[in-house]
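Have a look at entry_10.txt below; it lists compact mmCIF, C-alpha atoms.
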```
# COMPACT_ATOMS: atom_id res chain seq x y z
CA MET S 22 72.50 50.45 128.01
CA LYS S 23 74.26 51.78 131.10
CA LYS S 24 77.39 49.80 130.21
CA ILE S 25 77.40 51.23 126.68
CA LEU S 26 76.96 54.78 128.01
CA ALA S 27 79.75 54.24 130.52
CA LYS S 28 82.05 53.01 127.76
CA ILE S 29 81.22 56.05 125.63
CA ILE S 30 81.93 58.42 128.52
CA LEU S 31 85.15 56.59 129.32
CA GLY S 32 86.18 56.79 125.67
CA LEU S 33 85.51 60.53 125.57
CA ILE S 34 87.54 61.03 128.74
CA ILE S 35 90.45 59.07 127.26
CA VAL S 36 90.27 61.08 124.03
CA PHE S 37 90.15 64.36 125.96
CA PHE S 38 93.15 63.61 128.13
CA GLY S 39 95.00 62.19 125.14
CA PHE S 40 94.35 65.43 123.27
CA VAL S 41 95.56 67.52 126.23
CA ALA S 42 98.70 65.39 126.52
CA PHE S 43 99.37 65.70 122.77
CA VAL S 44 99.14 69.52 122.90
CA GLN S 45 101.43 69.71 125.95
CA ILE S 46 104.03 67.38 124.42
CA LYS S 47 103.96 69.15 121.03
CA PHE S 48 104.41 72.53 122.73
CA GLU S 49 107.43 71.26 124.69
CA LEU S 50 108.98 69.75 121.55
CA ASP S 51 108.54 73.04 119.68
CA SER S 52 110.14 74.83 122.65
CA LYS S 53 113.26 72.68 122.37
CA LYS S 54 113.74 72.71 118.60
CA VAL S 55 116.94 74.44 117.41
CA TYR S 56 117.05 76.75 114.37
CA ALA S 57 119.72 78.48 112.29
CA SER S 58 119.25 81.54 110.08
CA ALA S 59 121.20 82.63 107.03
CA PRO S 60 124.59 83.94 108.31
CA PHE S 61 125.19 87.70 108.37
CA LYS S 62 127.65 90.22 109.83
CA ILE S 63 126.39 93.30 111.60
CA LYS S 64 129.01 94.32 114.18
CA ASP S 65 130.61 97.06 112.05
CA LEU S 66 127.20 98.47 111.12
CA VAL S 67 126.20 98.59 114.79
CA ALA S 68 129.39 100.48 115.69
CA ALA S 69 128.63 103.12 113.04
CA ALA S 70 124.83 103.17 113.48
CA ASP S 71 122.68 106.20 114.22
CA VAL S 72 121.47 105.54 117.77
CA ALA S 73 118.76 108.22 117.45
CA LEU S 74 117.34 106.38 114.42
CA GLY S 75 117.53 103.11 116.37
CA LYS S 76 115.53 104.68 119.19
CA ARG S 77 112.86 105.90 116.77
CA LEU S 78 112.67 102.49 115.11
CA PHE S 79 112.35 100.80 118.49
CA THR S 80 109.98 103.20 120.22
CA VAL S 81 107.76 104.60 117.45
CA ARG S 82 107.95 102.86 114.09
CA ASN S 83 107.99 99.30 115.39
CA GLY S 84 106.41 99.78 118.81
CA CYS S 85 108.81 97.48 120.68
CA ILE S 86 108.20 99.38 123.91
CA ASP S 87 104.66 97.99 124.03
CA CYS S 88 106.16 94.70 125.23
CA HIS S 89 109.60 95.72 126.47
CA GLY S 90 108.67 98.95 128.25
CA ALA S 91 109.95 102.51 127.97
CA ASP S 92 113.16 101.55 129.79
CA LEU S 93 113.45 98.25 127.84
CA SER S 94 113.33 96.19 131.04
CA GLY S 95 110.13 94.37 130.09
CA THR S 96 106.46 94.93 130.86
CA SER S 97 103.22 92.96 131.03
CA VAL S 98 101.88 92.01 127.61
CA MET S 99 98.90 89.84 128.48
CA GLU S 100 97.14 88.59 131.60
CA ASN S 101 94.48 86.21 130.36
CA GLY S 102 93.78 82.92 132.16
CA PRO S 103 93.36 80.59 129.14
CA MET S 104 96.16 82.36 127.24
CA GLY S 105 98.46 82.77 130.22
CA SER S 106 100.64 85.43 131.78
CA ILE S 107 103.02 86.90 129.21
CA TYR S 108 105.75 89.45 129.85
CA GLY S 109 108.24 91.19 127.56
CA THR S 110 111.92 90.35 128.07
CA ASN S 111 114.43 92.69 129.72
CA LEU S 112 116.56 93.94 126.80
CA THR S 113 118.89 96.15 128.81
CA PRO S 114 122.58 95.25 129.28
CA PHE S 115 121.58 93.59 132.56
CA ARG S 116 120.26 90.70 130.44
CA LEU S 117 121.98 91.11 127.06
CA ALA S 118 125.55 92.08 128.00
CA GLN S 119 126.80 88.62 127.01
CA TRP S 120 124.95 88.56 123.69
CA SER S 121 126.81 89.46 120.50
CA ASP S 122 125.43 92.05 118.08
CA GLU S 123 124.60 89.24 115.64
CA GLU S 124 122.72 87.32 118.34
CA ILE S 125 120.56 90.33 119.22
CA ALA S 126 119.90 91.02 115.53
CA ASN S 127 119.06 87.36 114.98
CA ALA S 128 116.49 87.55 117.76
CA ILE S 129 114.87 90.66 116.25
CA ARG S 130 114.85 89.58 112.61
CA TYR S 131 114.47 85.80 112.82
CA GLY S 132 113.07 85.21 116.32
CA ILE S 133 115.99 83.00 117.33
CA HIS S 134 117.35 82.98 120.88
CA LYS S 135 121.07 82.91 121.67
CA SER S 136 120.60 79.19 122.42
CA GLY S 137 119.32 78.53 118.90
CA ARG S 138 115.79 77.88 120.10
CA SER S 139 112.88 79.99 118.90
CA LEU S 140 111.90 82.94 121.02
CA ARG S 141 108.39 82.59 122.37
CA PHE S 142 105.74 85.23 121.81
CA MET S 143 107.94 87.45 119.66
CA PRO S 144 106.47 89.11 116.52
CA SER S 145 109.60 88.80 114.38
CA PHE S 146 107.45 88.59 111.24
CA ASP S 147 106.73 92.30 111.86
CA TYR S 148 110.46 92.93 111.34
CA GLU S 149 110.89 90.69 108.29
CA GLY S 150 110.81 93.81 106.13
CA LEU S 151 113.60 95.65 107.97
CA SER S 152 116.97 96.35 106.39
CA LEU S 153 120.24 95.20 107.92
CA GLY S 154 121.10 98.85 108.61
CA ASP S 155 117.85 99.50 110.49
CA VAL S 156 118.29 96.36 112.59
CA ALA S 157 121.86 97.48 113.33
CA ALA S 158 120.52 100.85 114.50
CA MET S 159 118.06 99.08 116.81
CA VAL S 160 120.87 96.96 118.25
CA ALA S 161 122.95 100.10 118.79
CA TYR S 162 120.07 101.71 120.65
CA ILE S 163 119.55 98.62 122.83
CA ARG S 164 123.28 98.70 123.65
CA SER S 165 123.05 102.38 124.65
CA VAL S 166 120.37 102.18 127.35
CA PRO S 167 121.21 101.86 131.06
CA ALA S 168 121.11 98.41 132.63
CA VAL S 169 117.94 97.80 134.63
CA GLU S 170 118.30 95.07 137.22
CA LYS S 171 115.03 93.31 137.89
CA PRO S 172 113.94 89.70 138.46
CA LEU S 173 113.28 87.62 135.36
CA HIS S 174 109.55 87.22 134.83
CA GLU S 175 108.83 83.63 133.81
CA ASN S 176 106.08 83.50 131.21
CA SER S 177 103.27 81.08 131.87
CA PHE S 178 101.43 79.96 128.75
CA GLY S 179 97.87 78.72 129.21
CA PHE S 180 96.39 75.73 127.46
CA LEU S 181 94.55 77.89 124.90
CA ALA S 182 97.83 79.52 123.83
CA LYS S 183 99.48 76.10 123.55
CA PHE S 184 96.56 74.72 121.55
CA LEU S 185 96.49 77.69 119.16
CA SER S 186 100.24 77.34 118.67
CA THR S 187 99.97 73.61 117.98
CA ALA S 188 97.11 74.26 115.53
CA GLY S 189 99.22 76.80 113.62
CA GLN S 190 96.96 79.70 114.66
CA MET S 191 99.51 81.52 116.80
CA PRO S 192 102.62 82.23 114.71
CA VAL S 193 103.85 84.73 117.29
CA MET S 194 104.50 81.87 119.73
CA PHE S 195 107.42 80.31 117.81
CA PRO S 196 108.39 82.83 115.11
CA ALA S 197 111.46 80.89 113.98
CA LYS S 198 109.16 77.99 113.13
CA VAL S 199 107.13 80.00 110.60
CA LEU S 200 109.67 82.45 109.12
CA ASP S 201 111.84 81.78 106.08
CA LEU S 202 115.18 81.67 107.90
CA GLN S 203 117.16 81.81 104.66
CA LYS S 204 115.50 85.02 103.49
CA THR S 205 117.93 87.93 103.69
CA PHE S 206 117.28 91.42 105.06
CA ALA S 207 115.17 93.85 103.06
CA VAL S 208 116.58 96.74 101.06
CA LYS S 209 115.57 100.07 102.54
CA PRO S 210 114.60 102.92 100.21
CA PRO S 211 115.72 106.46 101.04
CA GLU S 212 113.75 108.17 103.83
CA GLU S 213 111.96 110.56 101.54
CA GLU S 214 108.43 111.28 100.36
CA SER S 215 107.87 108.22 98.18
CA LEU S 216 105.54 105.27 97.73
CA GLU S 217 108.48 102.93 98.33
CA PHE S 218 109.30 104.38 101.76
CA GLY S 219 105.61 104.25 102.70
CA LYS S 220 105.51 100.56 101.79
CA TYR S 221 108.66 99.97 103.84
CA LEU S 222 107.06 101.58 106.92
CA ALA S 223 103.81 99.66 106.41
CA ASN S 224 105.70 96.38 106.85
CA SER S 225 105.44 96.95 110.61
CA CYS S 226 101.63 96.70 110.35
CA VAL S 227 101.42 93.18 108.93
CA GLY S 228 101.48 91.39 112.30
CA CYS S 229 97.98 92.65 113.12
CA HIS S 230 96.54 93.76 109.78
CA GLY S 231 97.86 90.83 107.73
CA THR S 232 100.32 90.60 104.87
CA ASP S 233 97.70 92.04 102.51
CA LEU S 234 96.66 94.67 105.12
CA ARG S 235 93.00 93.62 104.86
CA GLY S 236 92.69 93.12 108.62
CA GLY S 237 90.71 90.44 110.44
CA LYS S 238 91.38 88.32 113.49
CA ILE S 239 94.82 88.98 114.99
CA PRO S 240 96.71 85.65 115.10
CA GLY S 241 97.52 84.67 118.67
CA GLY S 242 96.15 87.89 120.10
CA ASP S 243 94.25 88.39 123.33
CA PRO S 244 90.65 87.17 122.76
CA SER S 245 89.42 90.57 123.99
CA TRP S 246 91.14 92.40 121.13
CA PRO S 247 88.88 93.62 118.31
CA LEU S 248 89.37 92.55 114.70
CA ALA S 249 92.13 94.44 112.92
CA THR S 250 90.80 96.99 110.43
CA ASN S 251 91.25 96.81 106.67
CA ILE S 252 93.80 99.57 106.03
CA ARG S 253 93.76 99.38 102.24
CA LEU S 254 92.28 102.87 102.06
CA GLY S 255 92.22 103.61 98.34
CA ALA S 256 88.68 102.32 97.77
CA ASN S 257 87.10 104.33 100.61
CA SER S 258 86.37 107.94 99.66
CA PHE S 259 85.99 108.89 103.35
CA TRP S 260 89.72 108.68 103.80
CA THR S 261 91.75 111.67 102.74
CA GLU S 262 95.25 112.60 103.80
CA SER S 263 93.66 115.02 106.26
CA THR S 264 91.32 112.49 107.91
CA PHE S 265 94.11 109.90 108.00
CA LYS S 266 96.48 112.33 109.71
CA GLU S 267 93.82 113.41 112.22
CA THR S 268 93.09 109.79 113.15
CA ILE S 269 96.78 108.94 113.56
CA LEU S 270 97.56 111.94 115.75
CA SER S 271 94.36 111.95 117.83
CA GLY S 272 93.99 108.19 118.28
CA VAL S 273 90.25 108.63 117.77
CA SER S 274 88.18 106.95 115.06
CA LEU S 275 86.53 109.62 112.95
CA THR S 276 83.71 107.20 112.11
CA THR S 277 82.78 106.01 115.63
CA LYS S 278 84.19 109.01 117.54
CA GLU S 279 85.74 106.53 119.99
CA LYS S 280 89.37 105.99 120.93
CA LEU S 281 91.15 103.35 118.90
CA ARG S 282 91.20 100.16 120.95
CA PRO S 283 94.24 98.05 121.93
CA PRO S 284 96.42 96.67 120.53
CA MET S 285 96.57 99.76 118.32
CA PRO S 286 99.59 101.69 119.71
CA VAL S 287 97.77 105.01 120.00
CA GLY S 288 100.50 106.70 122.04
CA LEU S 289 103.15 105.74 119.51
CA LEU S 290 101.09 106.77 116.48
CA ALA S 291 100.75 110.24 117.99
CA GLN S 292 104.54 110.57 117.85
CA MET S 293 104.77 109.96 114.10
CA ASN S 294 106.30 112.85 112.18
CA GLU S 295 105.03 114.57 109.04
CA LEU S 296 107.10 112.47 106.66
CA GLU S 297 106.08 109.16 108.24
CA ILE S 298 102.37 110.04 108.13
CA LYS S 299 102.56 111.40 104.59
CA VAL S 300 104.31 108.37 103.09
CA LEU S 301 102.11 105.89 104.98
CA TRP S 302 99.07 107.69 103.60
CA LYS S 303 100.60 107.74 100.11
CA TYR S 304 101.09 103.95 100.22
CA LEU S 305 97.87 102.87 101.98
CA SER S 306 95.75 105.11 99.76
CA SER S 307 97.27 103.40 96.71
CA LEU S 308 95.78 100.05 97.81
CA ASN S 309 92.20 99.21 96.78
```
Spell out the structure here as C-alpha cells.
Amino acid sequence: MKKILAKIILGLIIVFFGFVAFVQIKFELDSKKVYASAPFKIKDLVAAADVALGKRLFTVRNGCIDCHGADLSGTSVMENGPMGSIYGTNLTPFRLAQWSDEEIANAIRYGIHKSGRSLRFMPSFDYEGLSLGDVAAMVAYIRSVPAVEKPLHENSFGFLAKFLSTAGQMPVMFPAKVLDLQKTFAVKPPEEESLEFGKYLANSCVGCHGTDLRGGKIPGGDPSWPLATNIRLGANSFWTESTFKETILSGVSLTTKEKLRPPMPVGLLAQMNELEIKVLWKYLSSLN
C-alpha cells in the first residue's frame, strides 16, 4: 500500500512540474512569435494632426495615462505576487525617438512591437474601434511631449498571469495573438450629438465591460478588481441622462453611494465634456 501511495504522489509531482514547465515554455514561445498587420500609411496624417485632439484621446477618452502616466514615462499598473509586477512603458521620445509613426501606430492599434513581436500587457483591443485619423492624432501627441529619461522597468509576470495567458483567459497579455491583424481602421463619424458618435466613444469601454457591454469578470485583470458593470442602460429605469451625468462627473455610484472602484478611471471620467457625456448616454441608453 505504501508503495502504491508513493507512486501516486510521485506521479502527481511529475504531472505538476510538467504542467509548470509547459506553461513556462508556452509563454516564452508566445513572447517570441512575430506578427505582421495589414500595411498602412500614417506619416502625412500625423504631420497634419490636431495635437490637442490627440492629447484628449490619450488622456481622457482612452485613459492611456492610467498605465503610461501623466508625463507618458510609465507608471505602475499592477503589483500582485501571483500576477507579477507590471509597469507601463515610457512613451516619451527618450524611448520612441527611433520608432517611425507607423511603428507607434501599429503598437497602439494592433499591439505589435517595433520588433514584430506582440506587446505584452497592452489593451490594443480597446483601440480596435479607432479611426486612422484618431490614431494619427495620438501619435502626434506622443511625439510632442518632452523626453523623460528614466530607467527601463522590466516587467515580471507571475505564474498566474502566464497560466491565464496560456489558457486564453488573458488576451491583454499578447494582444497581437488575439486581434484580427488584417482588419483595417474604423471609420469615425463626425464629433456631433449622434448615436453613431456615442457608439464610437463606447468602443473604449469594451476591454473591461466586454464587446456586448454586459460586464462581468475583467479578462486578465487584477484579482482584487470587482466585476465590470453591465452598462447597457436602456432596460433600467433608474438611469436617466441626469443620473448618468452625475455618476460620471462625481465618480460616485448613486445606488451604493460609494466611490466607483478601480479600474474605473474616475479621474478621467470627471474630465469628460458635455458632448462626450451626452452621446455616451444616448448610445448606452439605446441598449437593452
Shell around S:Ile86 at 12 Å using only C-alpha atoms, local window under 6 positions removed, as a PyMOL selection string: chain S and resi 76-80+92-98+108-112+163+286+288-289
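Closest approach to S:Pro244 from the set S:Glu212, S:Leu308, S:Leu185, S:Leu31 is made by S:Leu185, with distances taken over all atoms listed in the file.
Between atom CA of S:Lys135 and atom CA of S:Ile63 the interatomic distance comes to 15.4 Å.
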Surrounding residues of S:Ala291 excluding itself and chain neighbours under 4 positions, 7 Å, all atoms listed in the file, as a PDB file with C-alpha atoms, in the frame of the given file:
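Result saved to around.pdb:
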```
ATOM      1  CA  ILE S 269      96.780 108.940 113.560  1.00  0.00           C
ATOM      2  CA  LEU S 270      97.560 111.940 115.750  1.00  0.00           C
ATOM      3  CA  SER S 271      94.360 111.950 117.830  1.00  0.00           C
ATOM      4  CA  VAL S 287      97.770 105.010 120.000  1.00  0.00           C
TER       5      VAL S 287
END
```
Spatial neighbours of S:Ser145, 6 Å, all atoms listed in the file, chain gap at least 2 places, as a PyMOL selection string: chain S and resi 129-132+143+147-148
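Across the structure, atom CA of S:Trp246 and atom CA of S:Ala188 are spaced 19.9 Å apart.
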Which neighbours of stretch 49-51 of chain S fall inside 10 Å, counting all atoms listed in the file, when residues of the same chain fewer than 2 positions from it are skipped, and could you give them as a list of chain:residue names? S:Phe43, S:Val44, S:Gln45, S:Ile46, S:Lys47, S:Lys53, S:Lys54, S:Val55, S:Arg138, S:Ser139, S:Arg141, S:Lys183, S:Ser186, S:Thr187, S:Met194, S:Phe195, S:Lys198
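If you look at atom CA of S:Leu234 and atom CA of S:Ile252, they are 5.7 Å away from each other.
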List the neighbours of S:Glu149 out to 12 Å using only C-alpha atoms; skip same-chain residues closer than 3 positions along the sequence, and give me the result as a compact mmCIF listing (two decimals) with C-alpha atoms, in the frame of the given file.
```
# COMPACT_ATOMS: atom_id res chain seq x y z
CA ASN S 83 107.99 99.30 115.39
CA ALA S 126 119.90 91.02 115.53
CA ASN S 127 119.06 87.36 114.98
CA ALA S 128 116.49 87.55 117.76
CA ILE S 129 114.87 90.66 116.25
CA ARG S 130 114.85 89.58 112.61
CA TYR S 131 114.47 85.80 112.82
CA GLY S 132 113.07 85.21 116.32
CA PRO S 144 106.47 89.11 116.52
CA SER S 145 109.60 88.80 114.38
CA PHE S 146 107.45 88.59 111.24
CA SER S 152 116.97 96.35 106.39
CA LEU S 153 120.24 95.20 107.92
CA ASP S 155 117.85 99.50 110.49
CA VAL S 156 118.29 96.36 112.59
CA PRO S 196 108.39 82.83 115.11
CA ALA S 197 111.46 80.89 113.98
CA VAL S 199 107.13 80.00 110.60
CA LEU S 200 109.67 82.45 109.12
CA ASP S 201 111.84 81.78 106.08
CA LEU S 202 115.18 81.67 107.90
CA GLN S 203 117.16 81.81 104.66
CA LYS S 204 115.50 85.02 103.49
CA THR S 205 117.93 87.93 103.69
CA PHE S 206 117.28 91.42 105.06
CA ALA S 207 115.17 93.85 103.06
CA VAL S 208 116.58 96.74 101.06
CA LYS S 209 115.57 100.07 102.54
CA TYR S 221 108.66 99.97 103.84
CA LEU S 222 107.06 101.58 106.92
CA ALA S 223 103.81 99.66 106.41
CA ASN S 224 105.70 96.38 106.85
CA SER S 225 105.44 96.95 110.61
CA CYS S 226 101.63 96.70 110.35
CA VAL S 227 101.42 93.18 108.93
CA GLY S 228 101.48 91.39 112.30
CA THR S 232 100.32 90.60 104.87
```
Distance criterion (all atoms listed in the file): nearest to S:Lys303 out of S:Gly219, S:Gly231, S:Pro247, S:Gly236: S:Gly219
May I ask which of the residues S:Leu117, S:Leu254, S:Met99, S:Met159 is the closest one to S:Ser177, counting all atoms listed in the file? S:Met99
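When all atoms listed in the file are used to measure the gap to S:Ala182, the shortest distance among S:Gly75, S:Gly272, S:Gly90, S:Pro103 belongs to S:Pro103.
Take the candidates S:Ile133, S:Ala68, S:Val273, S:Ala27 and check each one against S:Tyr162 using all atoms listed in the file; the shortest distance goes to S:Ala68.
Proximity to S:Pro240 was assessed for S:Phe40, S:Tyr304, S:Phe48, S:Phe142 counting only C-alpha atoms; the smallest distance is recorded for S:Phe142.
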Nearby residues, (125.9, 103.0, 122.3) file frame, 7 Å, only C-alpha atoms, as an MDAnalysis selection string: chainID S and resid 72 161:162 164:165
